[in-house]
Amino acid sequence: MPEIMLKIPSHLKALAESMKVVVDEVTSFERDAPCQRTVNYRARERALADAAAEVERQAHAASLAALDMNRARIRIDGVVHVRVLSGSVAEYKTRVGPVPVARTLFRAEGDRNGPTVNTVTLRAGAVEDEWLPEAAAAMAYRLARGTSREAEQAAEVERTLPYSRSSFEKVGHAVGAEMVRERADIEEALIAEMEIPCEAASISVALDRTSMPMEEPLPRRVGRPRKGSPKNPIEVVHRMAWTGTVTLHDAEGEALHTLRYGRMPHEDGHSLAEALASDALALLRRCPRLKVVTLGDGAEQIQGLLAEHVDEETFGTVRRLLDFWHALEKLGEALTVVIGDPRERERRLARLRGQLRARRNAPRMILAELRSLARGRASPKDCPLRAAITYFENQGHLMGYPDALREKLPIGSGNVEATCKSLIGLRMKRPGARWKTDTGAEVITMRAHLLSERWARASDLALPTPRFEIRAA
């Protein structure tokens, strides 16, 4: 059988040996396979994966070693650094495992107690000094999808990222911190690069709130603490986090693509509403034909933020709507008070639903009908019937569903409701979960990019190519 000779430099002997292992694995299998009655190919996959991983590790070892500058003096962005130690070995973490690399440590000239730096970490853009950027981004992705325990288990099954649960926490939050720190610039770049589908006809901006468990310090009792009491007592309380969406819709009002956003409870909502408005305006300026609609529930704060940031002066004509299904929910609850027969109640609700969709004056008509049903009834203040009356009195001006349907605009805020569940509910409200402000913001920011289907680009922007100017002094 003819052979291929491959010339490899002598200093890459370890890489050559690992490549030979892969070749030997394949040739031995080719030789033995015809004679085997059964083949455990799953074991074969594992063997090849382990051999290929060793090739990748040796390739990283050689590549990272090439980034080291063993000089007496170097300049980093114009600042002179002097060598303080040569041959310091550190393990750099790759997707397939750690790789030992000898590196030279430097310190700024004249700063005897200053921090040391090395050109390997700087030039590779390593996260937390030792994690290669692609490995760090992959670990952060796992943490955005689930808990660190789940990430560790997935790594064991998939035979990549062979690191501990604490490593997923450390590195994942480090990447998340970068995404939070550069959030405004990242979102601006992402929306500028976003492709607008040719079939897009409208854009909806929606805002909502949902609860999440927060860890907060518990005030100490006056006097001497009890024996065995915690040094830093805490309590878990549920606070209202923010979610928002910017969705492109087709000519029939069906969603084409949704961008999802989230903010922690300590924020006042203005930063999120401003981000939603900024992205929606960027899309509108690139595609002026898009019609604009705002969607939300009946909360005064939600509608106020949408009106303040998605304003007519900036956006032109804006259709402002109350979520259609919230209105129906209020009607359904009210009818349970006055109609006992479920079939009759469903028929009445179907009639009211049809009126809301077809008649401009439906809110006034339904309000009159609700008042008529409530007349002569002695009901408590929290009665669903009275609540529905108040709801239609305050929100009737946001129920212009017939005109919206005629223009093929969306009338439901299902996208932001789903974001409450997928962004906050599924990840942040696990049994026993509790969050601090910083770590919660990091996970929410990463998960929002993941659910918006732009994780790869967002992680590239959060971990950009290093721009250090390094040369011999």
# chains A, B, ... in the order shown; residues from 1 in each chain; ligands from 1
>>> residues_around(residues="Pro265 (chain A)", least_positions_apart="6", cutoff="7 Å", atoms="only C-alpha atoms", output="PyMOL selection string")
chain A and resi 239-242
>>> residues_around(residues="Thr210 (chain A)", least_positions_apart="5", cutoff="12 Å", atoms="only C-alpha atoms", output="PDB file with C-alpha atoms, in the first residue's frame")
ATOM      1  CA  HIS A 238     -39.222  37.307  45.395  1.00  0.00           C
ATOM      2  CA  ARG A 239     -38.660  40.503  43.432  1.00  0.00           C
ATOM      3  CA  MET A 240     -40.035  41.505  40.049  1.00  0.00           C
ATOM      4  CA  ALA A 241     -37.548  41.167  37.189  1.00  0.00           C
ATOM      5  CA  TRP A 242     -38.024  42.810  33.789  1.00  0.00           C
ATOM      6  CA  THR A 243     -38.379  41.140  30.411  1.00  0.00           C
ATOM      7  CA  GLY A 244     -38.859  42.631  26.972  1.00  0.00           C
ATOM      8  CA  GLY A 262     -33.999  40.851  30.564  1.00  0.00           C
ATOM      9  CA  ARG A 263     -33.056  43.025  33.509  1.00  0.00           C
ATOM     10  CA  MET A 264     -32.736  42.363  37.230  1.00  0.00           C
ATOM     11  CA  PRO A 265     -35.335  43.546  39.773  1.00  0.00           C
ATOM     12  CA  VAL A 416     -42.891  38.543  25.946  1.00  0.00           C
ATOM     13  CA  GLU A 417     -45.024  36.193  28.067  1.00  0.00           C
ATOM     14  CA  ALA A 418     -42.983  33.295  26.694  1.00  0.00           C
ATOM     15  CA  THR A 419     -39.815  35.230  27.477  1.00  0.00           C
ATOM     16  CA  CYS A 420     -40.874  35.479  31.118  1.00  0.00           C
ATOM     17  CA  LYS A 421     -41.005  31.686  31.216  1.00  0.00           C
ATOM     18  CA  SER A 422     -37.988  30.800  29.059  1.00  0.00           C
ATOM     19  CA  LEU A 423     -35.637  33.542  30.253  1.00  0.00           C
ATOM     20  CA  ILE A 424     -36.590  33.796  33.930  1.00  0.00           C
ATOM     21  CA  GLY A 425     -38.853  30.894  34.833  1.00  0.00           C
ATOM     22  CA  MET A 428     -33.763  31.512  37.391  1.00  0.00           C
ATOM     23  CA  LYS A 429     -36.642  29.939  39.342  1.00  0.00           C
TER      24      LYS A 429
END
>>> select_by_dssp(residues="region 102-279 of chain A", states="helix (DSSP H, G or I)", output="MDAnalysis selection string")
chainID A and resid 119:124 133:145 148:158 165:181 183:193 270:279
>>> residues_around(residues="Ala462 (chain A)", least_positions_apart="6", cutoff="7 Å", atoms="only C-alpha atoms", output="list of chain:residue names")
A:Glu178, A:Met179, A:Glu182
>>> residues_around(residues="Ala404 (chain A)", least_positions_apart="5", cutoff="9 Å", atoms="only C-alpha atoms", output="PyMOL selection string")
chain A and resi 293+319+321+409-411
>>> residues_around(residues="region 92-98 of chain A", least_positions_apart="2", cutoff="6 Å", atoms="only C-alpha atoms", output="count of residues only")
8
>>> select_by_dssp(residues="region 316-469 of chain A", states="strand (DSSP E or B)", output="list of chain:residue names")
A:Val318, A:Arg319, A:Arg320, A:Leu321, A:Leu322, A:Trp435
>>> residues_around(residues="region 33-48 of chain A", least_positions_apart="5", cutoff="9 Å", atoms="only C-alpha atoms", output="PyMOL selection string")
chain A and resi 22+25-26+28+53+159
>>> atom_distance(atom1="CA of Leu283 (chain A)", atom2="CA of Ser202 (chain A)")
10.4 Å
>>> residues_around(residues="Gly296 (chain A)", least_positions_apart="2", cutoff="7 Å", atoms="only C-alpha atoms", output="list of chain:residue names")
A:Ala206, A:Leu207, A:Asp208, A:Thr294, A:Gly298, A:Ile302, A:Gln303, A:Leu322, A:Asp323, A:Ser413
>>> write_last_selection(atoms="N, CA and C atoms", output="JSON list (two decimals), in the first residue's frame")
[["chain", "number", "residue", "atom", "x", "y", "z"],
["A", 206, "ALA", "N", -42.57, 44.88, 23.24],
["A", 206, "ALA", "CA", -43.38, 44.42, 24.38],
["A", 206, "ALA", "C", -42.55, 44.42, 25.64],
["A", 207, "LEU", "N", -43.21, 44.64, 26.76],
["A", 207, "LEU", "CA", -42.55, 44.74, 28.06],
["A", 207, "LEU", "C", -43.41, 44.01, 29.09],
["A", 208, "ASP", "N", -42.73, 43.36, 30.05],
["A", 208, "ASP", "CA", -43.47, 42.62, 31.08],
["A", 208, "ASP", "C", -42.59, 42.47, 32.31],
["A", 294, "THR", "N", -46.89, 48.64, 20.10],
["A", 294, "THR", "CA", -46.43, 48.31, 21.45],
["A", 294, "THR", "C", -47.47, 47.41, 22.11],
["A", 298, "GLY", "N", -52.02, 45.43, 31.50],
["A", 298, "GLY", "CA", -52.66, 46.67, 31.92],
["A", 298, "GLY", "C", -51.92, 47.44, 33.00],
["A", 302, "ILE", "N", -45.96, 49.58, 33.01],
["A", 302, "ILE", "CA", -45.57, 48.98, 31.73],
["A", 302, "ILE", "C", -45.97, 49.89, 30.57],
["A", 303, "GLN", "N", -47.24, 50.28, 30.56],
["A", 303, "GLN", "CA", -47.72, 51.13, 29.47],
["A", 303, "GLN", "C", -47.03, 52.50, 29.48],
["A", 322, "LEU", "N", -53.28, 46.92, 24.35],
["A", 322, "LEU", "CA", -53.29, 46.05, 25.52],
["A", 322, "LEU", "C", -53.34, 44.61, 25.02],
["A", 323, "ASP", "N", -52.59, 43.74, 25.67],
["A", 323, "ASP", "CA", -52.61, 42.35, 25.25],
["A", 323, "ASP", "C", -54.05, 41.82, 25.21],
["A", 413, "SER", "N", -49.43, 39.65, 23.36],
["A", 413, "SER", "CA", -48.05, 39.78, 23.84],
["A", 413, "SER", "C", -47.46, 38.42, 24.21]]
>>> closest_residue(among="A:Gly269, A:Pro100, A:Pro363, A:Pro213", to="Ser88 (chain A)", atoms="only C-alpha atoms")
A:Pro100
>>> closest_residue(among="A:Gly440, A:Pro133, A:Pro197, A:Gly176", to="His257 (chain A)", atoms="only C-alpha atoms")
A:Pro197
>>> atom_distance(atom1="CA of Leu248 (chain A)", atom2="CA of Ser459 (chain A)")
23.4 Å
>>> closest_residue(among="A:Glu308, A:Ser63, A:Val338, A:Ala433", to="Arg377 (chain A)", atoms="only C-alpha atoms")
A:Val338
